[in-house]
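Encoded as structure tokens, the structure appears first; notes follow it.
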Amino acid sequence: MATPSIVAITAHAGGYGADARIKWTEWLPWIAAIAVYFFAPSYLPLGSYILILILFALSLDLILGYAGIITLGHTAYFGLGAYVAGILAKFGTADPLIGLVVAAVAAGVFGLITGAIILRTHGLTLLMLTLAITSICYEIANKATDWTGGADGLSGISMNALFGQFKFDMFGNTAYLYSLVLLFVGWWLIRRIIYSPFGASLAGVRENAVRMHAVGAPVYRRLVTVYGISAAIAGVAGAALTHTTQFVGLKVLGFELSGDLLVMLILGGVGRLYGAFIGPLIYLLAQDALAKQYPEYWYFWIGALLVVIVMFAPGGVLGLIDSIRARFRKS
Amino acid sequence: MNALFSQLVSVAFHGMAYGMILYIISVGLSVTMGLMGFANLAHGVFAMAGGYVMLTMMNTYGVPFPLALAIAFVAVALGSMVLERLLYARLYSAGELAQVLFTIGLILMAIAVARLIYGTLQQPVTLPSYMQGQINLLGRDFPAYRVVVIIFSVLIAVLLWFGVERTRWGAMLRAAVDNRSMAQSIGIDTKKLFTLTFALGSGLAAIGGGMGAELLSIQPTYPFEHLVFFLIVVSIGGMGTLKGPFVAALLIGVTDTACKYWLPQFGAFFIYAAAIALLLWRPAGLFGRTT
Amino acid sequence: MSTIALQTSRLCKSFGALTVADNIEFRLEAGARHALIGPNGAGKTTFVNMLTGRIQPSSGSITLGGVDITRAAQGERVKRGLGRTFQINTLFRNLTVLDNVALGIAERVGVSAGMFRPAAAQRVVVDESRALLSSLGLADDADQQLAGLPYGKQRLVEIAIALGLKPKVLLLDEPAAGVPSLESHRIFEVLDGLPKEIAILIIEHDMDLVFRFAQRITVLAQGAVLAEGTPQQIRTDERVRQVYLGEEHG
């Protein structure tokens, strides 16, 4: 895998000399999230969506920022999870927890299979394959209208109440807390992996795959494993979206979402765990405020933002904060 | 039986035309990928720009088709040169992720600009009279447009091959693709070589976009819509070769046309599946080299 | 009876019409200090790449400690005790020096696939890494980012990574290459101090280093073995003089 200079500029968690204990600053996002629940109840539906996308972004960061696998097709696993959850709920059981498990397994297995295939390649070929796989999924979802609702999407999903108590209603209380708990679990898992020896070996693969081969690491196996894990988490995020909105649209498999996710991650900072928190937050809030009025202009400026970030601030928002802090430390 | 044969010929013919357009557009991408190792996902933007320029010349200013195509070539080649010197060149050693993000940013900007100037609908294409209607070859009627496309594209392919195999520029190009640092140390100005080659590749894409406007319609979503196919041509063909994309584009053109004709409910499914299978068998493409 | 640590038999490699390895017969004894020299383009690095498994020979065989490894994958050769350094530093530039060394040690010890306990809690790996760095004089640099170190120290890390794998055979590809002469004495010291049990093959252009370090020398020219013997024998060999030592080398 090539060493992306974007990722190189960012500071990474993990490694054999790192302190793995959770710092107090790492609790802030959760405190903020809970505060939103109590003080900004009208934002709960949007908030739920943001939390789900943060989980999705985290899963992408695991393979993109840490393992260095450059993909434009992570939506395939998100979308698969979303549709599996939707189809299960509509035609099978509408229990949310069962839906999560099934979606995770389906997406994870699909991730392992496709990962095993495409991770034998690299660079542009790998990128193309990720696009091709997502395109295949999109085509299937588009054409299998009996199951997926095709272009109209899958509606008529009615989720059971969580634990028999908490209904997914339009106020979004259950949805928000549901997404928050899922994000917490996903974050905790990913954080563990990053700080583990496995995570350290991923960083090694990203930084210098040749050297990792030379020290006897089973590089391919590691990559396929993390790819499968990441796919499963993306699948859970997709399922959560279905559960909280009780709808699955083709958008979950579209290029637009893929591009959006990448922008979110770059905006926040790749390979920095919390870049995946900041990026979606800023992007989605901004999009909510601005894009409805001027959609063409929105994507123009997002494109320009990407170019500017790559040229001048490759570390994203977190990278900028780091360089500002470094400058203060010097003076 | 005669009907089946007729269908086969028709599919092969249409597939070839489609494949030739794919080739003309993608060959530039394959060469710059092999030469600079730069993942230029925005290559489709140059094809789209070529289409828009040509159609604007024809529809708004009444410029005849061949001249409009030539103007498109020059305009896009020059424009891409500016982009290359100002932006692309800074990212040659920036790593793949930076290049992917940058080019996606360019695509987004290009799509937005196209939408603002031309709106979201397809651009209408009025072919010159000599490209409309049918031509009778060997007792069969073939659409004139596609015949012209095939002939013209083959001509370009031959010219390109000649240029790469017989000219000094071509020799430098082959050396630099083979071993860039070695080429630099024997005095080849790789910076100029990159710029020139990039401009040529983008200009060719513009021609492909213009010529192929009837097949790949010119609309703002063009760069994203056809990105996967361009990438498939380059990956399957093998990067840094002329032969590779040619064979791959033909294969894909014919296969895609055949699938759309006989198995329309599956869409592009088979192409993707076939691409995946082919790459598993030959990860570096049909004619690529495994480094 | 001395044991053969590494051996090749009729090893050949051609790229089309170009032969880069021509029937190479090579033996490395246990505990040896063996140097491989030859003019540029003689095929030395290709030879090493075949030994480590980065490229496959066209024909011939390679034996490590009596076991045929000709078809074995890189990882397997590493597990069987074959280590190498690269001519150009192949390091994890953005990771710490500690991580650079620990990654290899973790693979060897077998904890590298663990996903739940923190890496830093793997005391065995961390302690061994720090001890290894200490033995090379790099203890203070352990928590620095590798890219910030001077080139000579980076070269030492390159050797450290290979040592961390506890190899039985160590292939050193131009360990002193690119190191400013002010720092190269450190490299020499480290090489002198390498454990006596390890069989070492060093590829070098620096003749001072070669004649100081090697007990046996093999000369490679145009992919074939030109001569082999003690430093004294090689120094006085006419053919070697013509092809190599007679030329002006920087």
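Following the order of the structure tokens, first chain is A, next is B, and so on, with residues numbered from 1 inside each chain and ligands from 1 in the order they appear.
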Taking only residues of chain A that have an atom at most 7 Å from an atom of chain C, what is each one's shortest atom pair and its distance in Å to one decimal, using only C-alpha atoms, in chain and number order, as a tab-separated table?
```
residue	atom	partner	partner_atom	distance
A:Ala8	CA	C:Asn94	CA	6.3
A:Gly15	CA	C:Ala119	CA	6.1
A:Tyr16	CA	C:Ala120	CA	4.3
A:Gly17	CA	C:Ala120	CA	5.5
A:Ala18	CA	C:Ala120	CA	6.0
A:Asp19	CA	C:Ala120	CA	7.0
A:Ala20	CA	C:Pro118	CA	6.3
A:Arg192	CA	C:Phe116	CA	5.6
A:Ile193	CA	C:Met115	CA	5.0
A:Tyr195	CA	C:Pro118	CA	5.1
A:Ser196	CA	C:Pro118	CA	4.3
A:Pro197	CA	C:Ala119	CA	4.5
A:Phe198	CA	C:Ala113	CA	4.7
A:Ser201	CA	C:Leu103	CA	6.4
A:Gly204	CA	C:Phe92	CA	6.6
A:Glu207	CA	C:Phe92	CA	5.4
A:Asn208	CA	C:Phe92	CA	5.9
A:Arg211	CA	C:Thr90	CA	6.1
A:His213	CA	C:Gly75	CA	6.4
A:Ala214	CA	C:Gln74	CA	6.6
A:Val215	CA	C:Gly104	CA	5.2
A:Gly216	CA	C:Gly75	CA	3.8
A:Ala217	CA	C:Glu107	CA	6.2
A:Pro218	CA	C:Gly75	CA	7.0
```
Go through chain B residue by residue and, counting only C-alpha atoms, keep those with an atom at most 7 Å from chain A; for each kept residue give the shortest atom pair and its distance in Å to one decimal, ordered by chain and increasing number, as a tab-separated table.
```
residue	atom	partner	partner_atom	distance
B:Ala39	CA	A:Leu124	CA	6.3
B:Ala94	CA	A:Ser5	CA	5.5
B:Gly95	CA	A:Pro4	CA	4.5
B:Glu96	CA	A:Pro4	CA	6.0
B:Leu97	CA	A:Pro4	CA	5.5
B:Ala98	CA	A:Val310	CA	5.9
B:Leu101	CA	A:Leu306	CA	6.5
B:Phe102	CA	A:Val307	CA	5.0
B:Gly105	CA	A:Gly303	CA	3.8
B:Leu106	CA	A:Gly303	CA	6.1
B:Leu108	CA	A:Gly303	CA	4.9
B:Met109	CA	A:Phe300	CA	4.5
B:Ala112	CA	A:Phe300	CA	5.2
B:Val228	CA	A:Met128	CA	6.2
B:Leu231	CA	A:Met128	CA	5.9
B:Ile232	CA	A:Met128	CA	6.6
B:Ser235	CA	A:Thr125	CA	5.4
B:Phe269	CA	A:Ile136	CA	5.8
B:Tyr272	CA	A:Ala132	CA	5.7
B:Ile276	CA	A:Leu129	CA	6.9
B:Pro283	CA	A:Thr121	CA	6.1
```
For the helix (DSSP H, G or I) assignment from backbone DSSP, which residues of region 118-181 of chain B qualify? Please present them as a PDB file with C-alpha atoms, in the first residue's frame.
```pdb
ATOM      1  CA  TYR B 118     -25.353  24.009 -19.495  1.00  0.00           C
ATOM      2  CA  SER B 129     -24.890  15.041 -42.999  1.00  0.00           C
ATOM      3  CA  TYR B 130     -22.155  12.708 -44.082  1.00  0.00           C
ATOM      4  CA  MET B 131     -22.288  10.986 -40.703  1.00  0.00           C
ATOM      5  CA  ALA B 144     -22.506   5.927 -40.996  1.00  0.00           C
ATOM      6  CA  TYR B 145     -21.711   7.569 -37.697  1.00  0.00           C
ATOM      7  CA  ARG B 146     -20.329   4.430 -36.187  1.00  0.00           C
ATOM      8  CA  VAL B 147     -18.352   3.585 -39.304  1.00  0.00           C
ATOM      9  CA  VAL B 148     -16.704   7.001 -39.126  1.00  0.00           C
ATOM     10  CA  VAL B 149     -16.017   6.532 -35.429  1.00  0.00           C
ATOM     11  CA  ILE B 150     -14.306   3.213 -35.991  1.00  0.00           C
ATOM     12  CA  ILE B 151     -12.204   4.393 -38.913  1.00  0.00           C
ATOM     13  CA  PHE B 152     -11.201   7.602 -37.224  1.00  0.00           C
ATOM     14  CA  SER B 153     -10.318   5.861 -33.971  1.00  0.00           C
ATOM     15  CA  VAL B 154      -8.208   3.246 -35.698  1.00  0.00           C
ATOM     16  CA  LEU B 155      -6.400   6.062 -37.477  1.00  0.00           C
ATOM     17  CA  ILE B 156      -5.698   7.740 -34.168  1.00  0.00           C
ATOM     18  CA  ALA B 157      -4.527   4.472 -32.670  1.00  0.00           C
ATOM     19  CA  VAL B 158      -2.120   3.977 -35.563  1.00  0.00           C
ATOM     20  CA  LEU B 159      -0.844   7.544 -35.311  1.00  0.00           C
ATOM     21  CA  LEU B 160      -0.363   7.091 -31.611  1.00  0.00           C
ATOM     22  CA  TRP B 161       1.502   3.853 -32.060  1.00  0.00           C
ATOM     23  CA  PHE B 162       3.680   5.474 -34.688  1.00  0.00           C
ATOM     24  CA  GLY B 163       4.356   8.424 -32.427  1.00  0.00           C
ATOM     25  CA  VAL B 164       5.347   6.251 -29.493  1.00  0.00           C
ATOM     26  CA  GLU B 165       7.421   3.767 -31.427  1.00  0.00           C
ATOM     27  CA  ARG B 166       9.111   5.991 -33.970  1.00  0.00           C
ATOM     28  CA  ARG B 168      11.989  10.872 -30.125  1.00  0.00           C
ATOM     29  CA  TRP B 169       9.179  11.877 -27.822  1.00  0.00           C
ATOM     30  CA  GLY B 170       7.942   8.306 -27.933  1.00  0.00           C
ATOM     31  CA  ALA B 171      11.365   6.927 -27.077  1.00  0.00           C
ATOM     32  CA  MET B 172      11.633   9.243 -24.093  1.00  0.00           C
ATOM     33  CA  LEU B 173       8.146   8.269 -23.044  1.00  0.00           C
ATOM     34  CA  ARG B 174       8.909   4.572 -23.174  1.00  0.00           C
ATOM     35  CA  ALA B 175      12.132   5.052 -21.256  1.00  0.00           C
ATOM     36  CA  ALA B 176      10.471   7.107 -18.566  1.00  0.00           C
ATOM     37  CA  VAL B 177       7.592   4.651 -18.186  1.00  0.00           C
ATOM     38  CA  ASP B 178      10.052   1.851 -17.848  1.00  0.00           C
ATOM     39  CA  ARG B 180      11.730   7.090 -14.339  1.00  0.00           C
ATOM     40  CA  SER B 181      14.820   7.712 -12.245  1.00  0.00           C
TER      41      SER B 181
END
```
Name the residues of region 53-218 of chain C that fall into strand (DSSP E or B) according to DSSP on the backbone, using the chain letters and numbers of this document, as a ChimeraX atom specification.
-> /C:59-64,67-68,82-84,96,145,169-173,199-203,216-218
Please save C-alpha atoms of the selected residues as an mmCIF file, in the first residue's frame.
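That gives us result.cif:
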```
data_model
loop_
_atom_site.group_PDB
_atom_site.id
_atom_site.type_symbol
_atom_site.label_atom_id
_atom_site.label_comp_id
_atom_site.auth_asym_id
_atom_site.auth_seq_id
_atom_site.Cartn_x
_atom_site.Cartn_y
_atom_site.Cartn_z
ATOM 1 C CA SER C 59 16.099 -22.523 -11.906
ATOM 2 C CA GLY C 60 18.278 -23.924 -9.157
ATOM 3 C CA SER C 61 17.694 -24.348 -5.452
ATOM 4 C CA ILE C 62 18.200 -22.580 -2.166
ATOM 5 C CA THR C 63 18.687 -24.396 1.117
ATOM 6 C CA LEU C 64 18.454 -22.825 4.558
ATOM 7 C CA VAL C 67 15.734 -27.218 4.354
ATOM 8 C CA ASP C 68 14.860 -26.419 0.748
ATOM 9 C CA LEU C 82 16.577 -15.657 7.446
ATOM 10 C CA GLY C 83 16.843 -11.937 8.056
ATOM 11 C CA ARG C 84 17.881 -9.053 5.828
ATOM 12 C CA THR C 96 8.541 5.646 16.433
ATOM 13 C CA GLN C 145 9.679 9.479 15.239
ATOM 14 C CA VAL C 169 21.400 -16.049 8.789
ATOM 15 C CA LEU C 170 21.621 -12.300 8.266
ATOM 16 C CA LEU C 171 21.925 -10.667 4.856
ATOM 17 C CA LEU C 172 23.216 -7.120 5.083
ATOM 18 C CA ASP C 173 22.744 -5.154 1.874
ATOM 19 C CA ALA C 199 25.988 -16.409 9.786
ATOM 20 C CA ILE C 200 26.397 -13.063 8.089
ATOM 21 C CA LEU C 201 26.556 -12.259 4.414
ATOM 22 C CA ILE C 202 27.372 -8.656 3.715
ATOM 23 C CA ILE C 203 27.106 -6.961 0.337
ATOM 24 C CA ARG C 216 35.582 -15.128 3.186
ATOM 25 C CA ILE C 217 34.761 -13.172 0.061
ATOM 26 C CA THR C 218 32.758 -14.129 -3.009
#
```
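For the atom pair formed by CA of Pro220 (chain B) and CA of Gly19 (chain B), the distance is 21.9 Å, given to one decimal.
Put simply, CA of Ala13 (chain A) is 10.4 Å away from CA of Tyr274 (chain A).
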Selection near Glu189 (chain C), 12 Å with only C-alpha atoms, sequence-local residues under 2 positions removed, as a list in words = Ser135, Leu136, Gly137, Leu156, Pro175, Ala176, Glu183, Ser184, His185, Arg186, Ile187, Leu191, Asp192, Gly193, Leu194, Leu209, Arg212 and Phe213 of chain C
Could the residues in this selection be saved with N, CA, C and O atoms as a JSON list (two decimals), in the first residue's frame?
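out12.json was written with the following content:
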```
[["chain", "number", "residue", "atom", "x", "y", "z"],
["C", 135, "SER", "N", 21.23, -1.90, 23.12],
["C", 135, "SER", "CA", 22.49, -2.53, 22.75],
["C", 135, "SER", "C", 23.11, -1.86, 21.52],
["C", 135, "SER", "O", 24.29, -2.02, 21.25],
["C", 136, "LEU", "N", 22.31, -1.12, 20.78],
["C", 136, "LEU", "CA", 22.84, -0.43, 19.61],
["C", 136, "LEU", "C", 23.03, 1.06, 19.88],
["C", 136, "LEU", "O", 23.30, 1.83, 18.97],
["C", 137, "GLY", "N", 22.86, 1.43, 21.13],
["C", 137, "GLY", "CA", 23.07, 2.82, 21.47],
["C", 137, "GLY", "C", 21.91, 3.72, 21.09],
["C", 137, "GLY", "O", 22.05, 4.94, 20.96],
["C", 156, "LEU", "N", 21.14, 2.21, 11.51],
["C", 156, "LEU", "CA", 21.24, 1.30, 12.64],
["C", 156, "LEU", "C", 19.90, 0.66, 12.95],
["C", 156, "LEU", "O", 19.82, -0.52, 13.30],
["C", 175, "PRO", "N", 25.25, -2.08, 4.33],
["C", 175, "PRO", "CA", 24.86, -1.43, 5.58],
["C", 175, "PRO", "C", 25.42, -0.03, 5.75],
["C", 175, "PRO", "O", 24.83, 0.80, 6.43],
["C", 176, "ALA", "N", 26.59, 0.23, 5.14],
["C", 176, "ALA", "CA", 27.19, 1.55, 5.33],
["C", 176, "ALA", "C", 26.82, 2.52, 4.22],
["C", 176, "ALA", "O", 27.27, 3.66, 4.23],
["C", 183, "GLU", "N", 29.61, 9.19, 10.84],
["C", 183, "GLU", "CA", 28.76, 8.27, 11.59],
["C", 183, "GLU", "C", 29.04, 6.81, 11.28],
["C", 183, "GLU", "O", 28.53, 5.94, 11.98],
["C", 184, "SER", "N", 29.83, 6.53, 10.28],
["C", 184, "SER", "CA", 29.93, 5.14, 9.84],
["C", 184, "SER", "C", 30.69, 4.27, 10.84],
["C", 184, "SER", "O", 30.54, 3.05, 10.83],
["C", 185, "HIS", "N", 31.49, 4.90, 11.74],
["C", 185, "HIS", "CA", 32.21, 4.05, 12.70],
["C", 185, "HIS", "C", 31.22, 3.31, 13.60],
["C", 185, "HIS", "O", 31.47, 2.19, 14.06],
["C", 186, "ARG", "N", 30.07, 3.96, 13.85],
["C", 186, "ARG", "CA", 29.05, 3.29, 14.66],
["C", 186, "ARG", "C", 28.60, 2.00, 13.99],
["C", 186, "ARG", "O", 28.40, 0.99, 14.63],
["C", 187, "ILE", "N", 28.41, 2.11, 12.65],
["C", 187, "ILE", "CA", 27.96, 0.92, 11.91],
["C", 187, "ILE", "C", 29.01, -0.19, 12.06],
["C", 187, "ILE", "O", 28.69, -1.34, 12.32],
["C", 191, "LEU", "N", 28.51, -3.89, 13.61],
["C", 191, "LEU", "CA", 28.77, -5.11, 12.85],
["C", 191, "LEU", "C", 29.76, -6.01, 13.57],
["C", 191, "LEU", "O", 29.62, -7.23, 13.62],
["C", 192, "ASP", "N", 30.79, -5.38, 14.15],
["C", 192, "ASP", "CA", 31.76, -6.17, 14.89],
["C", 192, "ASP", "C", 31.12, -6.88, 16.05],
["C", 192, "ASP", "O", 31.50, -7.99, 16.41],
["C", 193, "GLY", "N", 30.12, -6.19, 16.67],
["C", 193, "GLY", "CA", 29.53, -6.75, 17.87],
["C", 193, "GLY", "C", 28.41, -7.74, 17.64],
["C", 193, "GLY", "O", 27.78, -8.20, 18.58],
["C", 194, "LEU", "N", 28.11, -8.06, 16.38],
["C", 194, "LEU", "CA", 27.00, -8.96, 16.11],
["C", 194, "LEU", "C", 27.28, -10.34, 16.70],
["C", 194, "LEU", "O", 28.43, -10.80, 16.68],
["C", 209, "LEU", "N", 35.60, -1.74, 4.75],
["C", 209, "LEU", "CA", 34.68, -2.53, 5.56],
["C", 209, "LEU", "C", 34.80, -4.01, 5.22],
["C", 209, "LEU", "O", 34.86, -4.87, 6.09],
["C", 212, "ARG", "N", 38.03, -5.56, 6.44],
["C", 212, "ARG", "CA", 38.10, -5.57, 7.90],
["C", 212, "ARG", "C", 37.18, -6.62, 8.47],
["C", 212, "ARG", "O", 37.46, -7.22, 9.50],
["C", 213, "PHE", "N", 36.07, -6.82, 7.83],
["C", 213, "PHE", "CA", 34.99, -7.60, 8.42],
["C", 213, "PHE", "C", 34.99, -9.07, 7.96],
["C", 213, "PHE", "O", 34.72, -9.97, 8.73]]
```
Ser58 (chain C): which residues within 7 Å, counting only C-alpha atoms, same-chain residues fewer than 6 positions away excluded, as a list in words?
-> Cys12, Lys13 and Ser14 of chain C
Would you save the residues from that selection as a short mmCIF file (atom, residue, chain, number, x, y, z; two decimals), in the first residue's frame, using N, CA and C atoms?
```
data_model
loop_
_atom_site.label_atom_id
_atom_site.label_comp_id
_atom_site.auth_asym_id
_atom_site.auth_seq_id
_atom_site.Cartn_x
_atom_site.Cartn_y
_atom_site.Cartn_z
N CYS C 12 19.86 -19.75 -11.03
CA CYS C 12 19.82 -18.95 -12.26
C CYS C 12 18.61 -18.03 -12.25
N LYS C 13 18.78 -16.86 -12.87
CA LYS C 13 17.63 -15.97 -13.06
C LYS C 13 17.80 -15.22 -14.36
N SER C 14 16.80 -15.28 -15.22
CA SER C 14 16.83 -14.49 -16.45
C SER C 14 15.56 -13.68 -16.56
#
```
With a distance cut-off of 9 Å and only C-alpha atoms, select the neighbouring residues of Leu28 (chain C), excluding the residue or stretch itself and same-chain residues fewer than 2 positions from it, and output the selection as a count of residues only.
-> 15
Quick one, how far is CA of Leu215 (chain B) from CA of Leu8 (chain B)?
-> 19.3 Å
Spatial neighbours of Leu41 (chain B), 7 Å, only C-alpha atoms, chain gap at least 4 places, as a PDB file with N, CA and C atoms, in the first residue's frame:
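Below is the file that was written, out18.pdb:
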```
ATOM      1  N   VAL B 100      -6.246  10.785  -5.233  1.00  0.00           N
ATOM      2  CA  VAL B 100      -7.650  10.407  -5.387  1.00  0.00           C
ATOM      3  C   VAL B 100      -8.548  11.539  -4.905  1.00  0.00           C
ATOM      4  N   THR B 103      -8.435  14.616  -7.281  1.00  0.00           N
ATOM      5  CA  THR B 103      -9.145  14.443  -8.542  1.00  0.00           C
ATOM      6  C   THR B 103     -10.651  14.348  -8.329  1.00  0.00           C
ATOM      7  N   ILE B 104     -11.076  13.787  -7.210  1.00  0.00           N
ATOM      8  CA  ILE B 104     -12.510  13.796  -6.927  1.00  0.00           C
ATOM      9  C   ILE B 104     -12.987  15.230  -6.723  1.00  0.00           C
TER      10      ILE B 104
END
```
With a distance cut-off of 10 Å and only C-alpha atoms, select the neighbouring residues of Leu242 (chain B), excluding the residue or stretch itself and same-chain residues fewer than 2 positions from it, and output the selection as JSON, numbers by chain.
-> {"B": [23, 26, 27, 28, 30, 31, 157, 160, 161, 164, 234, 237, 238, 239, 240, 244, 245, 246, 247, 287]}
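If only C-alpha atoms are the atoms counted, then among A:Arg206, A:Lys292, A:Lys167, A:Arg191 the closest residue to Thr244 (chain A) is A:Lys167.
Ranking C:Lys168, C:Gln222, C:Ile55, C:Leu11 by their shortest atom-to-atom distance to chain B, with only C-alpha atoms included, puts C:Ile55 first.
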